[in-house]
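Comments concern the structure below.
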Amino acid sequence: MSNPVYLALDLPQLDAAKALAQKVKAHVGGLKLGLEFFCAHGSHGVHEIAQVGLPIFLDLKLHDIPNTVAGAMQAIHVLEPAIVTVHASGGRAMLEDAKAAAGEHTKVVAVTMLTSLDERDLQRTGIAGTPHDHVMRLTELAHESGIDGIVCSGQEVAAAHKQWKDGFFVVPGLRPAGSAAGDQKRVVTPRKARDDGASVLVIGRPISRAPDPVQAARDIEETL
Ligand SMILES: O=c1ccn([C@@H]2O[C@H](COP(=O)(O)O)[C@@H](O)[C@H]2O)c(=O)[nH]1
């Protein structure tokens, strides 16, 4: 089985991001580039990181009217990302149009509820119920819209997997036992997420901010 870990390269400097990716590439399965990276370095930056030779996950979390999201998906076609994120709350038409505009080999996955949020945060945005309820509702919407899968926390992935047997499940908010959660509120260990059905494990700071990132990546790999 291939390594399910995608390293989140949330570093402001392109050279530093590329150097980190080169160092840990034997111990991860892919590289995730987010909005921070894309705004700073654009397509040029993505091409540079792609030279490392691992699949690229563009975590842009697109959320706009269907026509605009479809245009953005077409614009990133040329970068041939393995995975791209959109927000499930953009609605069914947006999800359908995003999938129709994506490249043949790109998986489109919808963010259900950010892993940095908990039930109180949800209530403050006017949504009643538990994170579990909210994630399940949006998982159903994503499934019906014909996209490839969802992003959820490791606390919901087992239930989401049960509801959508052949879905593709991206799980961030992962922390090896004993490491600091930081701004993440719904965390589990990488091993628990994998055992519960995650297809991709997104891990950033536990590797990128470790005193020895290669050792940290290797330690995580050994738990899987
Ligand atoms: O719900 C979500 C969706 C995306 N992310 C992204 O994953 C990484 C996590 O980084 P860590 O340093 O391991 O916390 C980061 O790039 C987020 O933008 C998420 O955390 N939660």
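Scheme for the structure tokens: letters A, B, ... for chains in order shown; per-chain residue numbers from 1; ligand numbers from 1 in order shown.
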Residue neighbourhood Leu95 in chain A, 8 Å, only C-alpha atoms, exclusion window fewer than 5 positions, as a VMD selection string: chain A and resid 66 86 88 90 110 142 145 to 147
Shell around Phe38 in chain A at 12 Å using only C-alpha atoms, local window under 6 positions removed, as a VMD selection string: chain A and resid 9 to 14 32 44 to 49 57 to 61 76 79
Residues within 9 Å of ligand 1, counting only C-alpha atoms and all ligand atoms, as a PyMOL selection string: chain A and resi 7-10+32-36+59-61+85+111-117+151-153+170-175+181-184+202-209
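Shortest atom-to-atom contact with Glu144 in chain A among A:Arg92, A:Tyr6, A:His105, A:Gln163: A:Arg92, counting only C-alpha atoms.
Backbone DSSP of range 142-174 of chain A yields helix (DSSP H, G or I) at Ala142, His143, Glu144, Ser145, Val157, Ala158, Ala159, Ala160, His161, Lys162 and Gln163 of chain A.
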Would you write out those residues with N, CA and C atoms, as a short mmCIF file (atom, residue, chain, number, x, y, z; two decimals), in the first residue's frame?
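The result, written out as again_32.cif:
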```
data_model
loop_
_atom_site.label_atom_id
_atom_site.label_comp_id
_atom_site.auth_asym_id
_atom_site.auth_seq_id
_atom_site.Cartn_x
_atom_site.Cartn_y
_atom_site.Cartn_z
N ALA A 142 -22.25 16.01 -0.99
CA ALA A 142 -21.07 15.80 -1.84
C ALA A 142 -21.23 14.52 -2.67
N HIS A 143 -21.71 13.47 -2.03
CA HIS A 143 -21.89 12.18 -2.71
C HIS A 143 -22.89 12.33 -3.86
N GLU A 144 -24.03 12.97 -3.57
CA GLU A 144 -25.07 13.16 -4.59
C GLU A 144 -24.59 13.99 -5.78
N SER A 145 -23.64 14.88 -5.52
CA SER A 145 -23.21 15.80 -6.58
C SER A 145 -22.22 15.15 -7.56
N VAL A 157 -14.59 10.34 10.26
CA VAL A 157 -14.32 9.60 9.02
C VAL A 157 -14.92 8.19 9.02
N ALA A 158 -15.01 7.55 10.18
CA ALA A 158 -15.58 6.19 10.18
C ALA A 158 -17.04 6.23 9.75
N ALA A 159 -17.79 7.20 10.28
CA ALA A 159 -19.22 7.30 9.93
C ALA A 159 -19.39 7.72 8.47
N ALA A 160 -18.54 8.63 8.00
CA ALA A 160 -18.63 9.09 6.61
C ALA A 160 -18.34 7.92 5.66
N HIS A 161 -17.37 7.12 6.03
CA HIS A 161 -16.97 5.97 5.22
C HIS A 161 -18.10 4.94 5.15
N LYS A 162 -18.80 4.80 6.26
CA LYS A 162 -19.93 3.87 6.32
C LYS A 162 -21.06 4.34 5.38
N GLN A 163 -21.24 5.66 5.36
CA GLN A 163 -22.31 6.26 4.54
C GLN A 163 -21.96 6.25 3.05
#
```
Those in range 72-199 of chain A with strand (DSSP E or B) from DSSP, as JSON, numbers by chain: {"A": [83, 84, 85, 86, 87, 107, 108, 109, 110, 111, 149, 150, 151, 168, 169, 170, 171, 174, 188]}
Deliver the residues from the most recent selection as a file, using C-alpha atoms, as an mmCIF file, in the first residue's frame.
```
data_model
loop_
_atom_site.group_PDB
_atom_site.id
_atom_site.type_symbol
_atom_site.label_atom_id
_atom_site.label_comp_id
_atom_site.auth_asym_id
_atom_site.auth_seq_id
_atom_site.Cartn_x
_atom_site.Cartn_y
_atom_site.Cartn_z
ATOM 1 C CA ILE A 83 -6.462 16.428 -5.573
ATOM 2 C CA VAL A 84 -8.244 19.820 -5.369
ATOM 3 C CA THR A 85 -10.537 21.040 -2.577
ATOM 4 C CA VAL A 86 -13.770 23.044 -2.782
ATOM 5 C CA HIS A 87 -16.196 23.900 0.046
ATOM 6 C CA LYS A 107 -9.954 14.155 -7.543
ATOM 7 C CA VAL A 108 -12.355 16.880 -6.398
ATOM 8 C CA VAL A 109 -13.035 16.706 -2.654
ATOM 9 C CA ALA A 110 -15.324 18.925 -0.594
ATOM 10 C CA VAL A 111 -14.462 20.379 2.793
ATOM 11 C CA GLY A 149 -14.972 12.596 -1.760
ATOM 12 C CA ILE A 150 -14.785 14.849 1.245
ATOM 13 C CA VAL A 151 -12.472 16.439 3.788
ATOM 14 C CA PHE A 168 -12.301 9.295 -1.056
ATOM 15 C CA PHE A 169 -11.634 10.657 2.436
ATOM 16 C CA VAL A 170 -9.066 13.341 3.162
ATOM 17 C CA VAL A 171 -8.344 13.806 6.867
ATOM 18 C CA LEU A 174 -3.849 14.829 12.792
ATOM 19 C CA VAL A 188 -7.034 12.207 16.234
#
```
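CA of Asp64 in chain A sits 19.8 Å away from CA of Ile127 in chain A.
Here CA of Thr139 in chain A and CA of Arg124 in chain A stand 21.3 Å from one another.
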For Thr68 in chain A: contacts at 12 Å, only C-alpha atoms, fewer than 2 positions along chain excluded, given as a list of chain:residue names: A:Leu62, A:His63, A:Asp64, A:Ile65, A:Pro66, A:Ala70, A:Gly71, A:Ala72, A:Met73, A:Gln74, A:Ala75, A:Val86, A:Gly90, A:Ala93, A:Met94, A:Leu95, A:Asp97, A:Ala98, A:Ala101
Distance in Å - CA of Trp164 in chain A versus CA of Pro131 in chain A: 17.4 Å
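The nearest approach to Asp118 in chain A among the residues A:Ser199, A:Gln22, A:Gln155, A:Ser89, with only C-alpha atoms taken into account, belongs to A:Gln155.
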